[in-house]
Structures are given as C-alpha cells and as structure tokens.
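File shown: protein37.pdb (PDB, C-alpha atoms and all ligand atoms).
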ATOM      1  CA  MET A   1      -1.626  42.756  53.863
ATOM      2  CA  ASP A   2       0.530  44.484  56.470
ATOM      3  CA  ASN A   3       3.346  42.078  55.805
ATOM      4  CA  LYS A   4       3.176  42.741  52.071
ATOM      5  CA  LEU A   5       3.331  46.495  52.674
ATOM      6  CA  ILE A   6       6.349  46.053  54.906
ATOM      7  CA  SER A   7       8.298  43.684  52.678
ATOM      8  CA  ASN A   8       7.588  45.801  49.555
ATOM      9  CA  PHE A   9       8.711  49.041  51.228
ATOM     10  CA  LYS A  10      11.331  50.490  48.852
ATOM     11  CA  HIS A  11      12.368  54.126  48.794
ATOM     12  CA  THR A  12      15.435  55.590  47.046
ATOM     13  CA  ALA A  13      17.324  58.025  49.274
ATOM     14  CA  VAL A  14      17.335  61.578  47.919
ATOM     15  CA  MET A  15      20.629  63.576  47.856
ATOM     16  CA  LEU A  16      22.417  60.682  49.563
ATOM     17  CA  ASP A  17      25.937  61.804  48.537
ATOM     18  CA  GLU A  18      25.303  65.322  49.813
ATOM     19  CA  VAL A  19      23.954  63.967  53.120
ATOM     20  CA  LEU A  20      26.963  61.655  53.551
ATOM     21  CA  ASP A  21      29.371  64.537  52.841
ATOM     22  CA  VAL A  22      27.901  66.335  55.853
ATOM     23  CA  VAL A  23      27.758  63.208  58.027
ATOM     24  CA  ASP A  24      31.475  62.614  57.301
ATOM     25  CA  ARG A  25      32.402  65.739  59.239
ATOM     26  CA  ILE A  26      30.229  65.449  62.346
ATOM     27  CA  PRO A  27      31.698  64.341  65.691
ATOM     28  CA  SER A  28      31.029  60.812  66.927
ATOM     29  CA  GLY A  29      27.969  60.372  69.145
ATOM     30  CA  THR A  30      24.227  60.080  68.545
ATOM     31  CA  PHE A  31      22.684  60.946  65.195
ATOM     32  CA  LEU A  32      18.934  61.555  64.871
ATOM     33  CA  ASP A  33      17.084  60.384  61.759
ATOM     34  CA  ALA A  34      13.671  61.997  62.296
ATOM     35  CA  THR A  35      12.209  60.614  59.044
ATOM     36  CA  LEU A  36      13.494  57.062  58.946
ATOM     37  CA  GLY A  37      11.227  55.872  56.084
ATOM     38  CA  GLY A  38      12.800  52.801  54.485
ATOM     39  CA  ALA A  39      16.138  53.648  56.203
ATOM     40  CA  SER A  40      18.006  54.251  52.936
ATOM     41  CA  HIS A  41      19.869  57.212  54.442
ATOM     42  CA  THR A  42      20.415  55.679  57.866
ATOM     43  CA  GLU A  43      21.727  52.360  56.548
ATOM     44  CA  GLN A  44      24.502  54.207  54.692
ATOM     45  CA  ILE A  45      25.239  56.424  57.691
ATOM     46  CA  LEU A  46      25.645  53.388  59.975
ATOM     47  CA  GLU A  47      27.745  51.598  57.365
ATOM     48  CA  ARG A  48      30.097  54.529  56.993
ATOM     49  CA  ARG A  49      30.399  55.862  60.548
ATOM     50  CA  THR A  50      30.994  52.979  62.940
ATOM     51  CA  ASP A  51      31.505  55.513  65.768
ATOM     52  CA  ILE A  52      27.920  56.738  65.480
ATOM     53  CA  GLU A  53      24.714  55.374  66.964
ATOM     54  CA  VAL A  54      21.359  56.337  65.497
ATOM     55  CA  ILE A  55      18.127  57.228  67.169
ATOM     56  CA  ALA A  56      15.356  57.219  64.579
ATOM     57  CA  ILE A  57      11.624  57.836  64.427
ATOM     58  CA  ASP A  58       8.823  57.494  61.921
ATOM     59  CA  ARG A  59       5.124  58.008  62.508
ATOM     60  CA  ASP A  60       4.365  55.395  59.835
ATOM     61  CA  HIS A  61       4.216  51.907  61.298
ATOM     62  CA  PHE A  62       4.856  50.190  57.922
ATOM     63  CA  ALA A  63       7.980  52.285  57.269
ATOM     64  CA  LEU A  64       9.291  51.640  60.741
ATOM     65  CA  GLU A  65       8.894  47.872  60.478
ATOM     66  CA  ALA A  66      10.507  47.794  57.025
ATOM     67  CA  ALA A  67      13.401  49.836  58.412
ATOM     68  CA  ARG A  68      13.716  47.580  61.455
ATOM     69  CA  ARG A  69      14.271  44.593  59.154
ATOM     70  CA  ARG A  70      16.737  46.452  56.979
ATOM     71  CA  LEU A  71      18.774  47.661  59.957
ATOM     72  CA  ASP A  72      18.775  44.350  61.782
ATOM     73  CA  ARG A  73      22.522  43.889  61.497
ATOM     74  CA  PHE A  74      23.107  47.249  63.207
ATOM     75  CA  SER A  75      20.614  46.629  66.020
ATOM     76  CA  GLU A  76      23.181  47.360  68.753
ATOM     77  CA  ARG A  77      23.696  50.883  67.437
ATOM     78  CA  VAL A  78      20.074  51.732  66.607
ATOM     79  CA  ARG A  79      17.058  52.814  68.654
ATOM     80  CA  LEU A  80      13.761  53.060  66.742
ATOM     81  CA  PHE A  81      10.514  54.745  67.793
ATOM     82  CA  HIS A  82       7.047  54.815  66.268
ATOM     83  CA  ASP A  83       6.465  58.469  66.996
ATOM     84  CA  SER A  84       6.341  61.954  65.498
ATOM     85  CA  PHE A  85       8.524  65.085  65.481
ATOM     86  CA  SER A  86       6.491  66.713  68.236
ATOM     87  CA  SER A  87       7.539  63.922  70.643
ATOM     88  CA  LEU A  88      11.269  64.369  70.059
ATOM     89  CA  GLU A  89      11.797  66.454  73.181
ATOM     90  CA  LYS A  90      10.218  63.693  75.291
ATOM     91  CA  ILE A  91      12.191  60.959  73.500
ATOM     92  CA  PHE A  92      15.504  62.803  74.073
ATOM     93  CA  ASN A  93      14.639  63.117  77.772
ATOM     94  CA  ASP A  94      13.351  59.567  78.215
ATOM     95  CA  GLU A  95      16.365  58.102  76.405
ATOM     96  CA  ASN A  96      18.771  60.303  78.331
ATOM     97  CA  ILE A  97      20.252  62.022  75.268
ATOM     98  CA  PRO A  98      21.526  65.455  76.331
ATOM     99  CA  SER A  99      23.044  66.225  72.936
ATOM    100  CA  ILE A 100      23.199  64.893  69.401
ATOM    101  CA  SER A 101      26.003  65.167  66.877
ATOM    102  CA  GLY A 102      23.689  65.533  63.906
ATOM    103  CA  PHE A 103      20.163  65.258  62.601
ATOM    104  CA  LEU A 104      18.339  64.577  59.365
ATOM    105  CA  PHE A 105      14.769  65.487  58.381
ATOM    106  CA  ASP A 106      13.942  64.199  54.878
ATOM    107  CA  LEU A 107      10.443  65.631  54.719
ATOM    108  CA  GLY A 108       7.213  64.649  53.031
ATOM    109  CA  VAL A 109       6.012  61.191  52.126
ATOM    110  CA  SER A 110       7.969  58.183  50.906
ATOM    111  CA  SER A 111       7.490  56.430  47.576
ATOM    112  CA  PRO A 112       5.661  53.431  49.125
ATOM    113  CA  GLN A 113       3.250  55.789  50.902
ATOM    114  CA  LEU A 114       2.506  57.564  47.607
ATOM    115  CA  ASP A 115       2.348  54.444  45.448
ATOM    116  CA  ASN A 116       0.002  52.444  47.645
ATOM    117  CA  ALA A 117      -3.527  53.434  46.576
ATOM    118  CA  GLU A 118      -4.995  52.346  49.908
ATOM    119  CA  ARG A 119      -3.078  55.033  51.800
ATOM    120  CA  GLY A 120      -5.016  57.670  49.842
ATOM    121  CA  PHE A 121      -2.060  60.022  49.198
ATOM    122  CA  SER A 122      -2.121  59.857  45.413
ATOM    123  CA  TYR A 123      -4.285  61.677  42.889
ATOM    124  CA  ARG A 124      -3.327  59.035  40.334
ATOM    125  CA  PHE A 125      -4.914  55.937  41.887
ATOM    126  CA  GLU A 126      -8.366  55.329  43.295
ATOM    127  CA  GLY A 127      -8.234  54.947  47.053
ATOM    128  CA  PRO A 128      -9.956  56.031  50.253
ATOM    129  CA  LEU A 129      -9.606  59.679  51.299
ATOM    130  CA  ASP A 130      -7.183  58.814  54.061
ATOM    131  CA  MET A 131      -3.682  60.466  53.833
ATOM    132  CA  ARG A 132      -2.707  59.623  57.433
ATOM    133  CA  MET A 133       0.960  58.846  57.949
ATOM    134  CA  ASP A 134       0.055  57.370  61.330
ATOM    135  CA  VAL A 135      -3.056  55.223  60.958
ATOM    136  CA  ARG A 136      -3.729  55.402  64.727
ATOM    137  CA  GLN A 137      -4.769  59.015  64.228
ATOM    138  CA  GLU A 138      -8.486  59.875  63.880
ATOM    139  CA  ARG A 139      -8.379  62.822  61.472
ATOM    140  CA  THR A 140      -8.387  61.749  57.807
ATOM    141  CA  ALA A 141      -8.682  63.597  54.498
ATOM    142  CA  SER A 142     -12.311  62.479  54.339
ATOM    143  CA  SER A 143     -13.147  63.948  57.744
ATOM    144  CA  LEU A 144     -11.757  67.325  56.620
ATOM    145  CA  LEU A 145     -13.144  67.380  53.087
ATOM    146  CA  ASN A 146     -16.620  66.180  54.000
ATOM    147  CA  HIS A 147     -17.113  68.274  57.160
ATOM    148  CA  LEU A 148     -15.195  71.558  57.210
ATOM    149  CA  ASP A 149     -16.870  74.714  55.929
ATOM    150  CA  LYS A 150     -15.876  76.438  52.702
ATOM    151  CA  PHE A 151     -13.784  79.168  54.345
ATOM    152  CA  GLU A 152     -11.838  76.739  56.479
ATOM    153  CA  LEU A 153     -11.079  74.571  53.434
ATOM    154  CA  GLN A 154      -9.976  77.627  51.448
ATOM    155  CA  ARG A 155      -7.688  78.706  54.296
ATOM    156  CA  ILE A 156      -6.104  75.248  54.501
ATOM    157  CA  ILE A 157      -5.458  75.081  50.754
ATOM    158  CA  GLU A 158      -4.027  78.611  50.645
ATOM    159  CA  LYS A 159      -1.859  78.142  53.710
ATOM    160  CA  ASN A 160      -0.333  74.832  52.648
ATOM    161  CA  SER A 161       0.201  75.348  48.928
ATOM    162  CA  ASP A 162       0.643  78.054  46.358
ATOM    163  CA  GLU A 163      -2.754  77.219  44.821
ATOM    164  CA  LYS A 164      -4.254  80.357  43.264
ATOM    165  CA  PHE A 165      -7.718  78.854  42.865
ATOM    166  CA  ALA A 166      -8.227  77.817  46.484
ATOM    167  CA  ALA A 167     -11.567  79.644  46.780
ATOM    168  CA  ARG A 168     -13.023  77.935  43.677
ATOM    169  CA  ILE A 169     -11.750  74.542  44.799
ATOM    170  CA  ALA A 170     -13.160  74.963  48.318
ATOM    171  CA  ALA A 171     -16.569  75.976  46.888
ATOM    172  CA  SER A 172     -16.573  72.946  44.602
ATOM    173  CA  ILE A 173     -15.663  70.582  47.465
ATOM    174  CA  VAL A 174     -18.614  71.808  49.526
ATOM    175  CA  LYS A 175     -20.997  71.626  46.552
ATOM    176  CA  ASN A 176     -20.040  68.061  45.584
ATOM    177  CA  ARG A 177     -20.167  66.347  48.973
ATOM    178  CA  PRO A 178     -19.944  63.586  49.905
ATOM    179  CA  ILE A 179     -16.619  63.022  48.164
ATOM    180  CA  ARG A 180     -15.971  59.310  48.273
ATOM    181  CA  ASN A 181     -12.459  58.644  46.993
ATOM    182  CA  THR A 182      -9.185  60.148  45.750
ATOM    183  CA  LEU A 183     -10.084  60.073  42.045
ATOM    184  CA  GLU A 184     -13.422  61.824  42.636
ATOM    185  CA  PHE A 185     -11.548  64.457  44.618
ATOM    186  CA  ALA A 186      -8.815  64.869  41.959
ATOM    187  CA  GLU A 187     -11.428  65.253  39.196
ATOM    188  CA  LEU A 188     -13.375  67.830  41.182
ATOM    189  CA  VAL A 189     -10.200  69.902  41.772
ATOM    190  CA  LYS A 190      -9.293  69.677  38.100
ATOM    191  CA  LYS A 191     -12.725  70.954  37.044
ATOM    192  CA  ALA A 192     -12.571  73.838  39.533
ATOM    193  CA  ILE A 193      -9.377  75.181  37.923
ATOM    194  CA  PRO A 194      -9.830  77.220  34.698
ATOM    195  CA  ALA A 195      -8.811  75.209  31.606
ATOM    196  CA  ALA A 196      -5.897  77.506  30.662
ATOM    197  CA  ALA A 197      -4.351  77.226  34.126
ATOM    198  CA  ARG A 198      -4.722  73.409  34.181
ATOM    199  CA  ARG A 199      -2.023  73.033  31.573
ATOM    200  CA  ARG A 200       0.703  74.562  33.783
ATOM    201  CA  GLY A 201       2.674  73.114  36.715
ATOM    202  CA  GLY A 202       2.024  69.355  36.556
ATOM    203  CA  HIS A 203      -1.209  67.617  37.594
ATOM    204  CA  PRO A 204      -3.872  70.212  38.518
ATOM    205  CA  ALA A 205      -4.734  68.394  41.773
ATOM    206  CA  LYS A 206      -1.112  68.138  42.973
ATOM    207  CA  ARG A 207      -1.075  71.294  45.107
ATOM    208  CA  THR A 208      -4.491  70.684  46.694
ATOM    209  CA  PHE A 209      -3.604  67.085  47.602
ATOM    210  CA  GLN A 210      -0.414  68.354  49.209
ATOM    211  CA  ALA A 211      -2.343  70.984  51.169
ATOM    212  CA  ILE A 212      -4.902  68.505  52.516
ATOM    213  CA  ARG A 213      -2.180  65.966  53.361
ATOM    214  CA  MET A 214      -0.279  68.634  55.300
ATOM    215  CA  GLU A 215      -3.389  69.491  57.292
ATOM    216  CA  VAL A 216      -4.302  65.858  58.009
ATOM    217  CA  ASN A 217      -0.805  65.291  59.420
ATOM    218  CA  ALA A 218      -0.346  68.776  60.981
ATOM    219  CA  GLU A 219       2.920  68.931  59.059
ATOM    220  CA  ARG A 220       3.762  72.607  59.652
ATOM    221  CA  ASP A 221       3.469  72.446  63.428
ATOM    222  CA  GLU A 222       5.269  69.114  63.500
ATOM    223  CA  LEU A 223       8.135  70.540  61.433
ATOM    224  CA  ILE A 224       8.566  73.618  63.616
ATOM    225  CA  GLN A 225       8.475  71.614  66.862
ATOM    226  CA  GLY A 226      10.726  68.825  65.598
ATOM    227  CA  VAL A 227      13.431  70.986  64.041
ATOM    228  CA  THR A 228      13.419  73.335  67.054
ATOM    229  CA  SER A 229      13.863  70.442  69.523
ATOM    230  CA  SER A 230      16.675  69.025  67.388
ATOM    231  CA  ILE A 231      18.502  72.348  67.039
ATOM    232  CA  ASN A 232      18.319  72.771  70.813
ATOM    233  CA  ARG A 233      20.067  69.398  71.300
ATOM    234  CA  LEU A 234      22.705  69.874  68.600
ATOM    235  CA  GLY A 235      26.138  69.643  70.224
ATOM    236  CA  GLU A 236      29.354  71.471  69.377
ATOM    237  CA  LYS A 237      30.434  71.026  65.736
ATOM    238  CA  GLY A 238      27.255  69.018  65.102
ATOM    239  CA  CYS A 239      25.335  69.432  61.846
ATOM    240  CA  GLY A 240      21.610  69.465  61.120
ATOM    241  CA  ILE A 241      20.249  68.620  57.669
ATOM    242  CA  VAL A 242      16.743  69.226  56.338
ATOM    243  CA  ILE A 243      15.602  68.186  52.860
ATOM    244  CA  SER A 244      12.281  69.742  51.881
ATOM    245  CA  TYR A 245      10.189  69.330  48.756
ATOM    246  CA  HIS A 246       8.240  72.550  48.414
ATOM    247  CA  SER A 247       8.780  76.236  49.019
ATOM    248  CA  GLY A 248       6.404  76.525  52.016
ATOM    249  CA  GLU A 249       8.413  73.969  53.997
ATOM    250  CA  ASP A 250      11.720  75.372  52.826
ATOM    251  CA  ARG A 251      10.770  78.869  54.043
ATOM    252  CA  ILE A 252      10.084  77.500  57.538
ATOM    253  CA  VAL A 253      13.414  75.648  57.634
ATOM    254  CA  LYS A 254      15.321  78.687  56.358
ATOM    255  CA  GLU A 255      13.832  80.824  59.101
ATOM    256  CA  LEU A 256      14.488  78.271  61.871
ATOM    257  CA  PHE A 257      18.100  77.793  60.747
ATOM    258  CA  ARG A 258      18.693  81.532  60.420
ATOM    259  CA  ASN A 259      17.424  82.142  63.947
ATOM    260  CA  ALA A 260      19.580  79.302  65.251
ATOM    261  CA  VAL A 261      22.660  80.845  63.675
ATOM    262  CA  THR A 262      22.110  84.429  64.725
ATOM    263  CA  GLY A 263      20.724  83.564  68.162
ATOM    264  CA  GLY A 264      17.659  85.660  67.193
ATOM    265  CA  CYS A 265      19.711  88.820  66.440
ATOM    266  CA  THR A 266      17.515  91.679  65.212
ATOM    267  CA  CYS A 267      20.287  94.139  64.247
ATOM    268  CA  PRO A 268      20.629  95.273  60.589
ATOM    269  CA  SER A 269      22.948  92.822  58.785
ATOM    270  CA  LYS A 270      25.606  95.434  57.861
ATOM    271  CA  LEU A 271      25.946  96.918  61.371
ATOM    272  CA  PRO A 272      27.634  95.433  64.450
ATOM    273  CA  CYS A 273      25.289  93.501  66.754
ATOM    274  CA  VAL A 274      24.087  95.556  69.721
ATOM    275  CA  CYS A 275      21.088  93.448  70.771
ATOM    276  CA  GLY A 276      23.166  90.981  72.796
ATOM    277  CA  ALA A 277      22.378  87.897  70.668
ATOM    278  CA  VAL A 278      25.028  85.169  70.629
ATOM    279  CA  ILE A 279      26.035  83.632  67.280
ATOM    280  CA  LYS A 280      25.541  79.894  67.629
ATOM    281  CA  GLY A 281      26.259  78.387  64.255
ATOM    282  CA  GLN A 282      26.797  78.889  60.568
ATOM    283  CA  LEU A 283      25.104  77.992  57.317
ATOM    284  CA  PRO A 284      27.699  76.556  54.895
ATOM    285  CA  HIS A 285      25.504  77.379  51.883
ATOM    286  CA  SER A 286      22.101  78.822  51.082
ATOM    287  CA  GLY A 287      20.548  75.516  50.059
ATOM    288  CA  LEU A 288      21.589  72.709  47.697
ATOM    289  CA  THR A 289      19.558  71.008  44.997
ATOM    290  CA  ALA A 290      20.008  67.504  43.568
ATOM    291  CA  SER A 291      22.384  66.953  40.631
ATOM    292  CA  LYS A 292      21.028  66.588  37.083
ATOM    293  CA  ASP A 293      22.148  62.945  37.064
ATOM    294  CA  GLU A 294      20.230  62.176  40.241
ATOM    295  CA  ILE A 295      17.094  63.906  38.924
ATOM    296  CA  LYS A 296      17.333  61.806  35.737
ATOM    297  CA  GLU A 297      17.373  58.628  37.840
ATOM    298  CA  ASN A 298      14.823  59.714  40.468
ATOM    299  CA  ARG A 299      12.155  62.305  39.586
ATOM    300  CA  ARG A 300      11.385  62.787  43.275
ATOM    301  CA  ALA A 301      14.737  64.534  43.663
ATOM    302  CA  LYS A 302      13.682  67.326  41.293
ATOM    303  CA  SER A 303      11.997  69.464  43.923
ATOM    304  CA  ALA A 304      14.415  68.623  46.772
ATOM    305  CA  ARG A 305      16.218  71.430  48.573
ATOM    306  CA  MET A 306      18.732  70.608  51.271
ATOM    307  CA  ARG A 307      19.723  73.043  54.016
ATOM    308  CA  VAL A 308      22.521  72.487  56.524
ATOM    309  CA  LEU A 309      23.171  74.078  59.902
ATOM    310  CA  GLU A 310      26.587  73.770  61.586
ATOM    311  CA  ARG A 311      26.844  74.342  65.321
ATOM    312  CA  LEU A 312      29.925  76.381  66.278
TER     313      LEU A 312
HETATM  314  C1  LIG A 401      10.719  61.054  52.434
HETATM  315  S1  LIG A 401      10.395  59.828  53.602
HETATM  316  C2  LIG A 401      11.971  59.498  54.292
HETATM  317  C3  LIG A 401      12.770  58.514  53.525
HETATM  318  C4  LIG A 401      14.042  58.094  54.210
HETATM  319  N1  LIG A 401      14.966  59.206  54.350
HETATM  320  C5  LIG A 401      14.725  56.958  53.490
HETATM  321  O1  LIG A 401      15.871  57.142  53.123
HETATM  322  O2  LIG A 401      14.139  55.903  53.275
HETATM  323  C6  LIG A 401       9.647  60.731  54.913
HETATM  324  C7  LIG A 401       9.254  59.884  56.093
HETATM  325  O3  LIG A 401       9.030  60.750  57.179
HETATM  326  C8  LIG A 401       7.914  60.321  57.900
HETATM  327  N2  LIG A 401       7.357  61.499  58.575
HETATM  328  C9  LIG A 401       6.816  62.596  58.008
HETATM  329  N3  LIG A 401       6.414  63.462  58.954
HETATM  330  C10 LIG A 401       6.718  62.902  60.138
HETATM  331  C11 LIG A 401       6.558  63.317  61.503
HETATM  332  N4  LIG A 401       5.981  64.482  61.814
HETATM  333  N5  LIG A 401       7.007  62.511  62.477
HETATM  334  C12 LIG A 401       7.610  61.328  62.169
HETATM  335  N6  LIG A 401       7.777  60.873  60.905
HETATM  336  C13 LIG A 401       7.337  61.648  59.913
HETATM  337  C14 LIG A 401       6.993  59.716  56.862
HETATM  338  O4  LIG A 401       6.119  58.782  57.440
HETATM  339  C15 LIG A 401       7.976  59.090  55.884
HETATM  340  O5  LIG A 401       8.195  57.736  56.173
END
What would the structure in this file look like if it were written as structure tokens?
Amino acid sequence: MDNKLISNFKHTAVMLDEVLDVVDRIPSGTFLDATLGGASHTEQILERRTDIEVIAIDRDHFALEAARRRLDRFSERVRLFHDSFSSLEKIFNDENIPSISGFLFDLGVSSPQLDNAERGFSYRFEGPLDMRMDVRQERTASSLLNHLDKFELQRIIEKNSDEKFAARIAASIVKNRPIRNTLEFAELVKKAIPAAARRRGGHPAKRTFQAIRMEVNAERDELIQGVTSSINRLGEKGCGIVISYHSGEDRIVKELFRNAVTGGCTCPSKLPCVCGAVIKGQLPHSGLTASKDEIKENRRAKSARMRVLERL
C-alpha cells in the first residue's frame, strides 16, 4: 500500500513560471523548499540553477519518499528531512546553515493527499476522519470532532475559515456524535447550513473541512514559526516566496513579510521613520495570482496567491 501511494504521487506545481522567475535572480547558495510535496518545484529549480543546493522538508512521509525518488539524480545537491516548519530553526542549526539564498512555502495539501480517500482530507470520498499530514502524530480529525465541546469546535471553525454558520455546524457535530467518516461529516455540515446559503461558494463542507484540517495539523502556528525562521536566515539579495490558498493564510504571510521589510516600524507611512526600525527588504509586488491559462489547466491554481520578499 505504502509503495503504491509513493509511486502514484503526482502533483502539478502551481505558479511554476512565477516561482522560477524569482529563483533566477537569487544568489547561489542554499535554497529551502519547506513544502517539498512531489518535488515539482524543486526539480525545476535544481535543473535550472546548477549553482544551488536544496534543503527540503515535508511532514508527509509518502510525499518525501516520492520526492526522494524523483530527485535521485540530484542527490549530491539535495538534503531531505521528514519534518515540519516548526523544526526549521533546529534543522538550520544542525545542518550548519547560517544563511539561505531563498525559500519557498507552497502551502496546504497536495493533490495526492486530497485524492486518496484513506487520508481523510476530502469531503468527496468516504474515508476515515484522519486529515494528518504526518501520520506519526496522535491528533486526528476524529479525535477533535468526537471529543471537543461545542464552543471549542465553533472557535476552531471560525478561526480557520470564513464560515458564517460555525455555531450551527458545531452544534450539529455535537448532536450527531459519533461521526464515523468523511462523508457522514460532510453531509452533517451541509444540513447545518441553510439551503439558500448552500448554493454559494462551492461545496458547503469545503470551509469546515479546511478549518478542521488546519487544526489537526496546527497549520497557523506552523506557518508563523516556519516563515519567521526562514526570514531570519534569508541572506543578502535572497528572496522568499509563499504561495497560499486562502485569505486567512495570506493575511498571516502579508503581515510577516511587511514586518520583515519595515523591521517592525510603527511610524505612519507618510512620515519619516523616527522609531529607529531598520528597513531590511522590499516587496516587489502586493501578491500575484495564477494566469488564466494555468487556471484552465489546473483548477487548484485558482485560489493561489504568491507573495515575494526580497532581502536588501
Ligand atoms: C501544496 S503541497 C507542495 C507541492 C510541491 N510544491 C510540489 O511542487 O510538488 C504542500 C506540501 O507541504 C507539506 N506541508 C504542509 N504543512 C507542512 C508543515 N508544517 N511542515 C512540513 N510540510 C508541510 C504537505 O505535506 C504537502 O506535501
């Protein structure tokens, strides 16, 4: 089974041309791919920049093994780790990497994670209520949905998605326990949302699934820790790239990048800085989206937003 998952691991890189445009202008050195997935981005980066070595992580064992096979021919320039964003600081120290010339976070889940019913990420297929990216972890979607109280569930759904009916959904979860699989959960969410509202914004369970997945994998805290560690290691003229897939994540990235650029300056934007902050970088644009052609080919690209930070 594991072997099948690994050999079938196929994910199309999102905004690849835009990522490579940035990678083309970074100095030689070490590049961090913090979300290796199937290595579609990293393979192209290694192909194109022979003066760059890559350090890459993924908390998903299946992704990492698929990537290891794909990158075999570059093995002398690649270091791979089965780990998560919150360990980056330790990895940089252990591997003796004082600075990096660039980084990439391509957030969320990969297509194979979503499409494999057994991983429990999808509201479309029947599977266990799992949603763990790293299967060594204890907390699963089932442990949250079948044990947390109504208010905690409501808070999680509100915090991690723009779901207006979080209170109704949380009440319905508690009333219908035990919830046994993904389809039961999706149906319950659908019924908790008023009929008129169900017709807007894609599948009615999409936002709640995202919220529970984010909680299972502590995605917000991971993102803040990982991007902060990477910004702190970004060397002169280096560039950091983050591709996010929903507004909650994008807001966090925007804030982290803005602080990195202004050095935490609190002065009004139209007045000279008097707080002593040191400008440390620039943002070449306020966020890019995928081209219409790419979205036609790959629906996943539709919600992608890419932000770039350049170290001065
Ligand atoms: C969208 S996919 C990346 C796809 C990849 N860029 C490619 O081209 O194939 C996101 C990947 O990030 C991993 N991931 C998400 N959060 C993570 C975290 N906190 N630490 C490590 N890996 C994480 C997921 O397991 C998934 O494989």
Residue members of the PyMOL selection byres (((chain A and resi 214-216) around 8) and not hetatm) in the file shown, as a VMD selection string: chain A and resid 131 to 132 139 to 141 144 156 160 210 to 213 217 to 220
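When you apply the PyMOL selection byres (((not hetatm)) within 6 of (chain A and resi 401)) to this structure, what comes back is His11, Ala13, Thr35, Leu36, Gly37, Gly38, Ala39, Ser40, His41, Ile57, Asp58, Arg59, Asp60, Ala63, Asp83, Ser84, Phe85, Asp106, Leu107, Gly108, Val109, Ser110, Met133 and Glu222 of chain A.
Comparing the minimum interatomic distances between Ser303 in chain A and each of A:Pro194, A:Ile157, A:Val278, A:Val14, counting all atoms listed in the file, we find that A:Val14 sits nearest.
Distances from A:His61, A:Leu32, A:Val19, A:Ala170 to Gln137 in chain A were compared using all atoms listed in the file, and the smallest one belongs to A:His61.
When all atoms listed in the file are used to measure the gap to Thr12 in chain A, the shortest distance among A:Val135, A:Cys273, A:Ile295, A:Val227 belongs to A:Ile295.
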Among listed residues A:Gln282, A:Ser291, A:Asn146, A:Ser7, nearest Cys239 in chain A (using all atoms listed in the file): A:Gln282
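In this comparison, which uses only C-alpha atoms, the residue of A:Ile224, A:Ile6, A:Val54, A:Ala277 approaching Ala66 in chain A most closely is A:Ile6.
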Nearby residues, (6.8, 44.6, 53.1) file frame, 12 Å, only C-alpha atoms, as an MDAnalysis selection string: chainID A and resid 1:11 38 61:70 112:113 116
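Within 12 Å of the file-frame point (-21.2, 78.0, 53.1), and using all atoms listed in the file, the polymer residues found are A:His147, A:Leu148, A:Asp149, A:Lys150, A:Phe151, A:Glu152, A:Leu153, A:Gln154, A:Ala167, A:Ala170, A:Ala171, A:Ser172, A:Ile173, A:Val174, A:Lys175.
Atom pair CA of Leu256 in chain A / CA of Ile231 in chain A: separated by 8.8 Å.
Take the candidates A:Leu71, A:Leu129, A:Ala166, A:Val261 and check each one against Ile179 in chain A using only C-alpha atoms; the shortest distance goes to A:Leu129.
Interatomic distance, CA of Pro27 in chain A against CA of His82 in chain A: 26.4 Å.
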Neighbour list for Glu95 in chain A as JSON, numbers by chain, cut-off 12 Å, all atoms listed in the file, skip fewer than 6 positions in-chain: {"A": [30, 55, 56, 79, 80, 81, 88, 89]}
Atomic separation - CA of Cys267 in chain A relative to CA of Gly248 in chain A, Å: 25.5 Å
